[in-house]
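K.L.:
Got a structure for you, written out below as structure tokens; questions coming shortly.
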Amino acid sequence: MAVLTDLTELHRPTDLAAALQLLGRSRPRTVPLGGGTLMAAGRGPGVEALVDLSALGLEGVRVEGEEVVLGTATTLQALADDPIARAQWWGVLATAARSSATRLLRSAGTLGGTLAAGPAARADLAVVLSVLEARVRALGPDGTARWLTMAELAGGLPAPGLLVEVRIPGADRADPAPPPGGTTSGAAFLRIARTRTDQALVHAAAVVESTPGQGTRVRLAVGGADWPPARLATAEAALEGVELTEDAVRQATTPALAALRPPADHRASPPYRRAVAAVLLGRAARQAADRAVAARFHPHLGSDG
Amino acid sequence: MRVECEVNGSALVLETAPNTSLLRALRDTGLLSVKHGCETGECGACAVLVDGAPRPTCVMLAGQAQGRRITTVDSLGRVTALDPVQQALVDNGSVQCGFCTPGMVLAAHALLARRPDPTDAEIRDALSGNLCRCTGYLKPVEAVRRAAAALRGEAPLPGTEPSSGGGALGRGGDDRGWAPQLDDPRQMGAPDDPDPEPRGPEGEGAGAGGVAVAAPVRPSERLRVVGRRERKVDAAKLAAGRPCFVDDIEIRGLLHAKLLTSPHAHARLRHIDTARARALPGVLAVLTHADLPRVAYTTAGQSWPEPGPHDQFSLDAVVRFVGDRVAAVAAETEEIAERALELIEVDYEILPAVLDPAEAMRPGAPCLHPEPEAYHIADRERNLAARIEAEVGDVEAALAAADLVVEGEYLVPQVQQTPLENHIVITYWDEDERLVVRTSTQVPYHVRRIIAPVIGLPPKRIRVIKPRIGGGFGVKQEVLIEDICAHLTLATNRPVRLEYTRAEEFRSSRSRHPQRIRLRTGVNRDGTIVANDMYVLGNTGAYGTHALTVQSNTGSKTLPLYRAPNVRFVADVVYTNLPPAGAFRGYGVPQGFFALESHIDEVARRLRMDPLALRLQNCLREGDPNILAVALGEGKEGLPQVVRSCGLPACVERGAAAIGWARKRGRPGDGPRRRGVGMAIVMHGTAIPGLDMGAASIKLNDDGSFNVLVGATDLGTGSDTVLAQIGAEVLGVPLEDIIIHSSDTDFTPFDTGAYASSTTYISGGAVKLAAERVRTQMFAVAAGLLGADPAQLRCADRVIRAPDGRGVTVSEVALHSLHVEDQHQIMATASRMSQDSPPPFAAQFAEVEVDTETGVVSVLRVVSAVDCGRAINPASAEGQVEGGVTQALGYALSEEMLYDRAGRLLTTDLAEYRIFAAPDMPALETLLIETDDPFGPFGAKAIAEIPLDGVAPAIANAVADATGVRIGQIPLTPPRVWAALQGAAGAREA
Ligand SMILES: Cc1cc2nc3c(=O)[nH]c(=O)nc-3n(C[C@H](O)[C@H](O)[C@H](O)COP(=O)(O)OP(=O)(O)OC[C@H]3O[C@@H](n4cnc5c(N)ncnc54)[C@H](O)[C@@H]3O)c2cc1C
Ligand code: FES
Ligand code: FES
């Protein structure tokens, strides 16, 4: 099957300015190329030129102050193997990266491609980034930068521009021992599918911050195949300070989920997705809460290593 | 554009278009080890290492390789000197069709470069993108573990070592030079076997060329090659990525074909305008129904006369499913051919479509095949492609008299064979203007016979070549695209290549018949089953290929498993406007057993009996007749059958012990996650009695090697190896002295082909007989040289010996007969047909964990205890079981073709249509319970299909054990299981 039938150019610039200049052209119609795992599988009507982002130095994961910074050219496999991604937030970033597609696709597919492709990427990472309150830096053709939330990105911007990095707040510092009585956090990511390597029918992520004497705060996100990730703000508010049993979380999330519109397709019905989302959210919150408590005593437990 | 990269250590410049995939670019430069299995990065057949990381090249542009280092298997080992990973895969039987192997080798290398001592979970993750439809991943994972040890310089891990060097060149053994010796052979030393046993009986049948029934073997026979874990004879070249598949040849002037298919489920082509397509530069031919003679035929690759409906035409004025052929194009490149398709203007008159088989039978439903040319249709007004009815005893009376009647309804899905290699064919005129058809088929002889009238050439002007095949599983028992490719060669006088994409494979090839099955079982309080009544509503889709015979197997191979004296089987096989069903490994039997074996568990529950005990009480035993055999032949009256060997009780006992039945049954535990165990017993057939025939011819060469030519079609199953082992055994030589070739209609003798689990039994019988005839001729010469009585000679280890210990080598006999005295070629041909189809038996067990809150069923373990008679090669027998179980896991849990309301397929890629990958696998255990069948060669029965039969019901039964809920529909996807559990909970509350 012939792919990208209108393609006439493929560039691999070595600096961002050159990349933006190419992407800013109205003719030929030019779009970014990550690993190509989705792009090169499609006919891409109208795509006349591609800008391969692999030589821009946009890969890698680092900690900057209280933020973890992910370059968008990082491959999903590199993310899965990255020591920072495995250490921070109980390794949920690495776990979600590892559960994405297959080893071969992960060696090729990039974080940027995953974010830009939206639901087509079937991405477990999206729900994790959403619960971690990640922001994505997007550059317009003139170099102007915008910071997008995952919700804004999922909303399908007409022209998000070039995604260059993802920043996640609340990284643990090098000295991870929390001050006595200080806040500790736990995180968890869960997914279900027909088989282990299958795309997630439903996935859910939770982050819990726990301060002794003050109870817990929880953040929850849910999504799945063709179901872009959504934060459950009303449930999060309702759960503030409440003991995070699975039942409590299920009860709090059920009305919030009823307000969501999960897709009805051949994979599953909306009632199924909502019910299972509540189950996974309950389990994820419980697991995250347990981890937050465990972190108080064993800070090193915070990684998946 | 110019892409400069390093490929396998050398600088390479690829001249490509910007939108060319790296897969295409590499294949175009002759790196044919990089395979095409899909277009979405999901199968891994195209994997290479890019700067050391394994990546799919089908979803990578050639331009992305600029400046990068590319590694393919071509740089690793040669056939005669494999690298440790390749060698490990070859050694333990991981290479079946081998289409996935090069990609796997590279993925494993990338892993071992990072992790010299990986865990099994890491190995499975490393192979997660390399789908394999043949092996079940157990052996590949083990091979990677062994290769890792070898690369670390450790002594070989204990495990399944192959028995010998095995096979020809480079498979470890015998690469010594050869020069004819002039010594007097009669001076040979003492025998190196001090304890020669008597030879096996000869089993001579009818005269040369006739069809014979081989005599039974004696169990005392001592075997040297048969029964051993020999390496597959083709494994080394497959692991090395040598070009041996249909697409791996280069032909000058090759055109590329593409098919225009229908976007509508049912439509008449009012008008087709091909003028613009024809005018496109580079287009050589555009064919529509108006260009071709209207010849009704069936694509079912079966013996003549094919019993099912002849309701297809190469191209027709009516299209009957989304994906049905409208027109065909041949052009200089694939891109031009695709563009030409877009330029064909079709005016469709949309006809009412029917997708549901029950609706299709109702009066007033749209009729799919009113055309008068079609024939062998059971009832075209009611859209009945086939109707089957058989009754033994009096079912209604027995049900009325039974203590208890249990009724149930079961639903099984449409699933696809999904071999890693899609359908592909290349056709060309040879220098004599005979048409060569190089095709990925299970049935080369049927291809030749069936396409002849369709394309208007006599068989004598057609030659069909089957090279290595990347899996078939029944979908290549279909003469699917050979006709249209041939039409295009006839129209252009140019070589033409036609290959399906994965999406075309899903939309426009064949599948397993979906069925709705109703069962009524009459049983007495003591557990005696007195009657079984099965009704099947089968959906054959738009064409009735295999409709009659698949559905008749649904009854004939399942119901006789229980000794009920009253049995009825009725099937309606109905046309609908969906892609056609056809042959799929198991051939109707997995459908029937899902229903029957789920149902027997329900009967046991109603009787409060252990389901295992109920089965043992009622199942068939040695000496029992198959009570449906006569009433339900394959499309005609069958031959009476008596079970001569049955290891079923041992299968049940050993399997139950292995799974821990007594300990685990009925102990689901509590909490949201429940555990259960379930089981099923199954039987199958071995070849179609009185119909399937295979032939072999064998000749002796100067050096004592033998050419064995068989029409039998190895499609990755290992049949070439098994047949060569049988030949080597009889001829008294090691496996590497056998050069086996399959199949080429010009050179290899007839064989019905690879289906009906027949090859080892039928073709193996033919090889055995031909080898015995060759041996008789060798002994005649040797007797002269030794001055001994030919009846007293025996041959082992390449030496023919007299009882006094003197001997001559096989090579000496060859030289003598070819060059010295009474010169003649020692050679023989034999055919084998059987009136008997000895059933293999199996007991299959599953242990599951059900997450009752999400509906996720995790299978923890599958145990298959299989009675396959004697395993000619235990490694390949296990491979057949492991691979079959894995396909059945998909059937049970994840595979299902789904459509929208207009009949458009939704599951068109390997992400949506989910087959099992390495990390998805439960623990697999295979127990070969060997019996000695009196008819099979060396006691062999079939093993190819039976492992698929019992897995789905065993899993459904285990889910019922875990949850108390019977789910009568597969696959057991999370939403389906969840809905059933919710429904049951709702019912309890109400
Ligand atoms: C068959 C299949 C199954 C998959 N299953 C899963 C799964 O189960 N879970 C999961 O998490 N993921 C899954 N994935 C997604 C996988 O992660 C993809 O590899 C990834 O989404 C695409 O990355 P890429 O770099 O190859 O993107 P590309 O194909 O290169 O690009 C995809 C799109 O993103 C745009 N783009 C790329 N990079 C940027 C950028 N930096 N800025 C702006 N736009 C950009 C491109 O223009 C294009 O439109 C699956 C992918 C495939 C093909
Ligand atoms: S993954 Fe590339 S051919 Fe299937
Ligand atoms: S051996 Fe793996 S697909 Fe055939």
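Letters A, B, ... go to the chains of the structure tokens in the order shown; residues in each chain start at 1; ligands are counted from 1 in the same order.
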Please give me, as a ChimeraX atom specification, the residues lying within 7 Å of ligand 3 when counting only C-alpha atoms and all ligand atoms.

P.N.:
/B:94-101,131-135,419-420,470-471,716

K.L.:
May I have all residues of segment 183-288 of chain A that DSSP, computed from the backbone, assigns to alpha helix (DSSP H), given as JSON, numbers by chain?

P.N.:
{"A": [233, 234, 235, 236, 237, 238, 246, 247, 248, 249, 250, 251, 252, 253, 254, 255, 256, 257, 258, 270, 271, 272, 273, 274, 275, 276, 277, 278, 279, 280, 281, 282, 283, 284, 285, 286, 287, 288]}

K.L.:
Would you save the residues from that selection as a short mmCIF file (atom, residue, chain, number, x, y, z; two decimals), in the first residue's frame, using N, CA and C atoms?

P.N.:
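And here is the file that came out, result.cif:
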```
data_model
loop_
_atom_site.label_atom_id
_atom_site.label_comp_id
_atom_site.auth_asym_id
_atom_site.auth_seq_id
_atom_site.Cartn_x
_atom_site.Cartn_y
_atom_site.Cartn_z
N ALA A 233 -12.46 16.32 38.28
CA ALA A 233 -12.27 17.37 39.28
C ALA A 233 -13.32 17.29 40.40
N THR A 234 -14.58 17.06 40.05
CA THR A 234 -15.61 17.05 41.10
C THR A 234 -15.37 15.89 42.06
N ALA A 235 -14.97 14.76 41.54
CA ALA A 235 -14.68 13.62 42.41
C ALA A 235 -13.47 13.92 43.28
N GLU A 236 -12.48 14.56 42.69
CA GLU A 236 -11.28 14.89 43.47
C GLU A 236 -11.65 15.78 44.64
N ALA A 237 -12.52 16.77 44.38
CA ALA A 237 -12.92 17.69 45.45
C ALA A 237 -13.71 16.93 46.52
N ALA A 238 -14.60 16.07 46.06
CA ALA A 238 -15.44 15.34 47.01
C ALA A 238 -14.60 14.41 47.89
N GLU A 246 -11.59 1.82 48.27
CA GLU A 246 -12.05 1.63 46.89
C GLU A 246 -13.52 2.03 46.76
N ASP A 247 -14.30 1.68 47.75
CA ASP A 247 -15.72 2.02 47.68
C ASP A 247 -15.95 3.52 47.67
N ALA A 248 -15.22 4.22 48.55
CA ALA A 248 -15.40 5.67 48.62
C ALA A 248 -15.08 6.30 47.27
N VAL A 249 -14.00 5.84 46.67
CA VAL A 249 -13.60 6.43 45.39
C VAL A 249 -14.62 6.08 44.30
N ARG A 250 -15.10 4.86 44.33
CA ARG A 250 -16.10 4.46 43.34
C ARG A 250 -17.35 5.33 43.46
N GLN A 251 -17.76 5.53 44.71
CA GLN A 251 -18.98 6.34 44.90
C GLN A 251 -18.77 7.77 44.44
N ALA A 252 -17.58 8.29 44.75
CA ALA A 252 -17.33 9.68 44.38
C ALA A 252 -17.17 9.85 42.87
N THR A 253 -16.62 8.84 42.21
CA THR A 253 -16.35 9.02 40.78
C THR A 253 -17.56 8.68 39.93
N THR A 254 -18.49 7.89 40.45
CA THR A 254 -19.60 7.46 39.60
C THR A 254 -20.39 8.64 39.01
N PRO A 255 -20.78 9.66 39.83
CA PRO A 255 -21.48 10.78 39.20
C PRO A 255 -20.59 11.55 38.22
N ALA A 256 -19.31 11.67 38.56
CA ALA A 256 -18.41 12.38 37.65
C ALA A 256 -18.31 11.64 36.33
N LEU A 257 -18.26 10.32 36.40
CA LEU A 257 -18.16 9.52 35.17
C LEU A 257 -19.45 9.58 34.37
N ALA A 258 -20.57 9.69 35.09
CA ALA A 258 -21.85 9.76 34.38
C ALA A 258 -21.90 10.99 33.50
N PRO A 270 -20.64 2.47 26.58
CA PRO A 270 -20.37 3.48 27.60
C PRO A 270 -20.64 2.98 29.03
N PRO A 271 -21.72 2.26 29.31
CA PRO A 271 -21.89 1.78 30.69
C PRO A 271 -20.73 0.92 31.17
N TYR A 272 -20.23 0.08 30.27
CA TYR A 272 -19.08 -0.75 30.66
C TYR A 272 -17.88 0.14 30.99
N ARG A 273 -17.61 1.08 30.10
CA ARG A 273 -16.42 1.91 30.33
C ARG A 273 -16.54 2.70 31.63
N ARG A 274 -17.74 3.21 31.90
CA ARG A 274 -17.91 3.99 33.13
C ARG A 274 -17.74 3.09 34.35
N ALA A 275 -18.37 1.94 34.30
CA ALA A 275 -18.31 1.05 35.48
C ALA A 275 -16.88 0.61 35.74
N VAL A 276 -16.18 0.23 34.68
CA VAL A 276 -14.82 -0.25 34.86
C VAL A 276 -13.89 0.90 35.22
N ALA A 277 -14.18 2.07 34.68
CA ALA A 277 -13.37 3.24 35.05
C ALA A 277 -13.47 3.46 36.56
N ALA A 278 -14.68 3.35 37.10
CA ALA A 278 -14.85 3.56 38.54
C ALA A 278 -14.05 2.51 39.33
N VAL A 279 -14.08 1.27 38.84
CA VAL A 279 -13.32 0.21 39.50
C VAL A 279 -11.82 0.51 39.47
N LEU A 280 -11.33 0.85 38.28
CA LEU A 280 -9.88 1.10 38.16
C LEU A 280 -9.47 2.32 38.96
N LEU A 281 -10.32 3.36 38.95
CA LEU A 281 -9.99 4.55 39.72
C LEU A 281 -9.93 4.22 41.21
N GLY A 282 -10.87 3.42 41.66
CA GLY A 282 -10.87 3.01 43.07
C GLY A 282 -9.59 2.27 43.41
N ARG A 283 -9.23 1.34 42.56
CA ARG A 283 -8.02 0.55 42.83
C ARG A 283 -6.77 1.42 42.75
N ALA A 284 -6.74 2.30 41.74
CA ALA A 284 -5.55 3.13 41.55
C ALA A 284 -5.40 4.09 42.73
N ALA A 285 -6.51 4.69 43.17
CA ALA A 285 -6.44 5.63 44.28
C ALA A 285 -5.99 4.92 45.56
N ARG A 286 -6.56 3.74 45.77
CA ARG A 286 -6.18 2.95 46.95
C ARG A 286 -4.68 2.64 46.92
N GLN A 287 -4.23 2.21 45.74
CA GLN A 287 -2.82 1.86 45.61
C GLN A 287 -1.94 3.10 45.81
N ALA A 288 -2.36 4.21 45.23
CA ALA A 288 -1.57 5.44 45.36
C ALA A 288 -1.55 5.89 46.83
#
```

K.L.:
I need the chain B residues near chain A as a ChimeraX atom specification; criterion: at most 6 Å, counting only C-alpha atoms.

P.N.:
/B:18-19,40,54-55,59-60,126,128-129,335,854,894,920,973

K.L.:
List as a list of chain:residue names the protein and nucleic acid residues lying within 8 Å of ligand 2, with only C-alpha atoms and all ligand atoms counted.

P.N.:
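Result of the 8 Å neighbour search around ligand 2: B:Leu23, B:Lys35, B:His36, B:Gly37, B:Cys38, B:Glu39, B:Thr40, B:Gly41, B:Glu42, B:Cys43, B:Gly44, B:Ala45, B:Cys46, B:Ala47, B:Pro56, B:Thr57, B:Cys58, B:Val59, B:Gly129, B:Asn130.
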
K.L.:
Can I get the selection written as an mmCIF file, in the first residue's frame, with C-alpha atoms?

P.N.:
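Dumped to again.cif:
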```cif
data_model
loop_
_atom_site.group_PDB
_atom_site.id
_atom_site.type_symbol
_atom_site.label_atom_id
_atom_site.label_comp_id
_atom_site.auth_asym_id
_atom_site.auth_seq_id
_atom_site.Cartn_x
_atom_site.Cartn_y
_atom_site.Cartn_z
ATOM 1 C CA LEU B 23 10.985 -2.116 4.179
ATOM 2 C CA LYS B 35 9.566 -9.572 5.404
ATOM 3 C CA HIS B 36 6.246 -7.928 4.813
ATOM 4 C CA GLY B 37 3.391 -9.026 7.063
ATOM 5 C CA CYS B 38 1.397 -5.858 7.627
ATOM 6 C CA GLU B 39 1.529 -2.112 7.066
ATOM 7 C CA THR B 40 1.012 -0.863 10.610
ATOM 8 C CA GLY B 41 4.106 -1.867 12.539
ATOM 9 C CA GLU B 42 2.214 -4.526 14.431
ATOM 10 C CA CYS B 43 3.632 -7.865 13.293
ATOM 11 C CA GLY B 44 7.400 -7.469 13.414
ATOM 12 C CA ALA B 45 8.150 -9.443 10.263
ATOM 13 C CA CYS B 46 9.919 -6.380 8.856
ATOM 14 C CA ALA B 47 12.048 -5.617 11.909
ATOM 15 C CA PRO B 56 9.537 -2.053 12.241
ATOM 16 C CA THR B 57 10.581 -0.852 8.800
ATOM 17 C CA CYS B 58 7.105 -0.878 7.297
ATOM 18 C CA VAL B 59 6.299 2.223 9.331
ATOM 19 C CA GLY B 129 6.419 -6.866 18.674
ATOM 20 C CA ASN B 130 7.273 -10.073 16.838
#
```

K.L.:
Using only C-alpha atoms, which residue out of A:Gly46, A:Pro169, A:Gly223, A:Gly213 lies closest to Arg191 of chain A?

P.N.:
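Distance minimum relative to Arg191 of chain A lands on A:Gly223.
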
K.L.:
Write out as a PyMOL selection string all residues of segment 178-257 of chain A that DSSP puts in strand (DSSP E or B) for this structure's backbone.

P.N.:
chain A and resi 184-192+202-211+215-224+227-231

K.L.:
Write to file, as a compact mmCIF listing (two decimals), in the first residue's frame, the residues of the selection just made, with N, CA, C and O atoms.

P.N.:
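Now in selection-v6.txt:
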```
# COMPACT_ATOMS: atom_id res chain seq x y z
N THR A 184 3.80 13.45 51.69
CA THR A 184 4.37 12.44 50.78
C THR A 184 3.32 12.13 49.72
O THR A 184 2.13 12.42 49.90
N SER A 185 3.80 11.54 48.62
CA SER A 185 2.83 11.26 47.57
C SER A 185 2.98 9.84 47.06
O SER A 185 4.04 9.21 47.17
N GLY A 186 1.90 9.36 46.49
CA GLY A 186 1.91 8.06 45.84
C GLY A 186 1.21 8.20 44.51
O GLY A 186 0.41 9.12 44.31
N ALA A 187 1.54 7.33 43.58
CA ALA A 187 0.89 7.38 42.28
C ALA A 187 0.66 5.96 41.80
O ALA A 187 1.37 5.03 42.22
N ALA A 188 -0.34 5.78 40.95
CA ALA A 188 -0.59 4.45 40.40
C ALA A 188 -1.25 4.59 39.04
O ALA A 188 -1.95 5.57 38.76
N PHE A 189 -0.99 3.61 38.21
CA PHE A 189 -1.57 3.56 36.87
C PHE A 189 -2.06 2.14 36.63
O PHE A 189 -1.34 1.17 36.90
N LEU A 190 -3.28 1.99 36.16
CA LEU A 190 -3.83 0.66 35.88
C LEU A 190 -4.52 0.66 34.52
O LEU A 190 -5.03 1.69 34.07
N ARG A 191 -4.53 -0.47 33.90
CA ARG A 191 -5.18 -0.57 32.59
C ARG A 191 -5.80 -1.95 32.44
O ARG A 191 -5.33 -2.90 33.07
N ILE A 192 -6.83 -2.04 31.64
CA ILE A 192 -7.32 -3.36 31.28
C ILE A 192 -7.47 -3.44 29.76
O ILE A 192 -7.70 -2.44 29.07
N VAL A 202 -9.78 0.50 28.91
CA VAL A 202 -9.93 1.57 29.90
C VAL A 202 -8.62 1.64 30.68
O VAL A 202 -8.04 0.61 31.00
N HIS A 203 -8.16 2.86 30.92
CA HIS A 203 -7.02 3.01 31.83
C HIS A 203 -7.30 4.16 32.79
O HIS A 203 -8.12 5.03 32.52
N ALA A 204 -6.62 4.10 33.92
CA ALA A 204 -6.87 5.10 34.96
C ALA A 204 -5.58 5.36 35.70
O ALA A 204 -4.72 4.49 35.80
N ALA A 205 -5.46 6.59 36.21
CA ALA A 205 -4.28 6.95 36.99
C ALA A 205 -4.70 7.80 38.16
O ALA A 205 -5.68 8.54 38.09
N ALA A 206 -3.95 7.66 39.23
CA ALA A 206 -4.25 8.43 40.44
C ALA A 206 -2.96 8.91 41.08
O ALA A 206 -1.94 8.22 41.03
N VAL A 207 -3.01 10.11 41.63
CA VAL A 207 -1.91 10.62 42.46
C VAL A 207 -2.52 11.01 43.80
O VAL A 207 -3.56 11.67 43.84
N VAL A 208 -1.88 10.60 44.85
CA VAL A 208 -2.40 10.93 46.18
C VAL A 208 -1.29 11.64 46.96
O VAL A 208 -0.14 11.19 46.97
N GLU A 209 -1.66 12.78 47.56
CA GLU A 209 -0.72 13.47 48.45
C GLU A 209 -1.27 13.34 49.86
O GLU A 209 -2.46 13.61 50.10
N SER A 210 -0.38 12.92 50.72
CA SER A 210 -0.85 12.62 52.06
C SER A 210 0.00 13.38 53.07
O SER A 210 1.23 13.33 53.03
N THR A 211 -0.67 14.13 53.95
CA THR A 211 0.03 14.86 55.00
C THR A 211 -0.52 14.35 56.33
O THR A 211 -1.73 14.40 56.55
N GLY A 215 -4.87 14.53 56.34
CA GLY A 215 -5.58 13.69 55.38
C GLY A 215 -4.96 13.78 53.99
O GLY A 215 -3.79 14.17 53.83
N THR A 216 -5.73 13.43 52.99
CA THR A 216 -5.17 13.25 51.66
C THR A 216 -5.86 14.12 50.63
O THR A 216 -7.00 14.53 50.80
N ARG A 217 -5.12 14.38 49.56
CA ARG A 217 -5.70 14.98 48.36
C ARG A 217 -5.43 14.01 47.23
O ARG A 217 -4.35 13.43 47.15
N VAL A 218 -6.40 13.86 46.36
CA VAL A 218 -6.21 12.89 45.29
C VAL A 218 -6.47 13.56 43.95
O VAL A 218 -7.30 14.47 43.84
N ARG A 219 -5.72 13.13 42.96
CA ARG A 219 -6.00 13.55 41.58
C ARG A 219 -6.29 12.29 40.77
O ARG A 219 -5.60 11.27 40.93
N LEU A 220 -7.29 12.36 39.92
CA LEU A 220 -7.74 11.18 39.19
C LEU A 220 -7.90 11.49 37.71
O LEU A 220 -8.39 12.56 37.34
N ALA A 221 -7.49 10.54 36.87
CA ALA A 221 -7.73 10.71 35.43
C ALA A 221 -8.08 9.35 34.84
O ALA A 221 -7.63 8.30 35.32
N VAL A 222 -8.87 9.40 33.79
CA VAL A 222 -9.34 8.16 33.19
C VAL A 222 -9.45 8.34 31.68
O VAL A 222 -9.59 9.46 31.18
N GLY A 223 -9.35 7.25 30.96
CA GLY A 223 -9.46 7.31 29.50
C GLY A 223 -9.44 5.91 28.94
O GLY A 223 -9.68 4.94 29.67
N GLY A 224 -9.14 5.80 27.65
CA GLY A 224 -9.08 4.47 27.05
C GLY A 224 -9.06 4.58 25.55
O GLY A 224 -8.84 5.66 24.99
N TRP A 227 -10.93 7.24 23.76
CA TRP A 227 -11.53 8.01 24.84
C TRP A 227 -10.44 8.86 25.45
O TRP A 227 -9.67 8.38 26.28
N PRO A 228 -10.33 10.11 25.03
CA PRO A 228 -9.22 10.95 25.49
C PRO A 228 -9.27 11.11 27.01
O PRO A 228 -10.35 11.09 27.60
N PRO A 229 -8.10 11.27 27.62
CA PRO A 229 -8.06 11.30 29.08
C PRO A 229 -8.84 12.47 29.65
O PRO A 229 -8.84 13.55 29.09
N ALA A 230 -9.50 12.22 30.78
CA ALA A 230 -10.25 13.28 31.44
C ALA A 230 -9.89 13.26 32.92
O ALA A 230 -9.78 12.20 33.53
N ARG A 231 -9.71 14.44 33.49
CA ARG A 231 -9.55 14.57 34.95
C ARG A 231 -10.94 14.59 35.57
O ARG A 231 -11.88 15.10 34.98
```

K.L.:
When distances are computed from only C-alpha atoms and all ligand atoms, which of A:Asp124, A:Glu240, A:Asp172, A:Asp142 shows the smallest separation from ligand 1?

P.N.:
A:Asp124

K.L.:
Show which residues sit within 7 Å of Asp572 of chain B, as a compact mmCIF listing (two decimals) with N, CA and C atoms, in the first residue's frame. Count only C-alpha atoms, and ignore same-chain residues fewer than 4 positions away.

P.N.:
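Writing done, so here's selection.txt:
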```txt
# COMPACT_ATOMS: atom_id res chain seq x y z
N LEU B 384 -29.63 -20.92 1.22
CA LEU B 384 -28.95 -22.04 1.88
C LEU B 384 -27.83 -22.56 0.98
N ALA B 386 -25.72 -24.78 1.98
CA ALA B 386 -25.68 -26.21 2.25
C ALA B 386 -26.65 -26.52 3.38
N ARG B 387 -27.14 -27.73 3.34
CA ARG B 387 -28.02 -28.19 4.41
C ARG B 387 -27.58 -29.61 4.73
N ILE B 388 -27.43 -29.91 6.00
CA ILE B 388 -26.93 -31.23 6.40
C ILE B 388 -27.90 -31.79 7.43
N VAL B 536 -26.98 -26.56 14.00
CA VAL B 536 -25.99 -25.52 13.71
C VAL B 536 -26.54 -24.57 12.66
N LEU B 537 -26.48 -23.29 12.97
CA LEU B 537 -26.78 -22.28 11.97
C LEU B 537 -25.44 -21.62 11.63
N GLY B 538 -24.92 -21.97 10.48
CA GLY B 538 -23.60 -21.48 10.08
C GLY B 538 -23.74 -20.33 9.10
```

K.L.:
Quick one: pull the distance between atom CA of Ser511 of chain B and atom CA of Ala265 of chain B, Å, one decimal.

P.N.:
17.0 Å
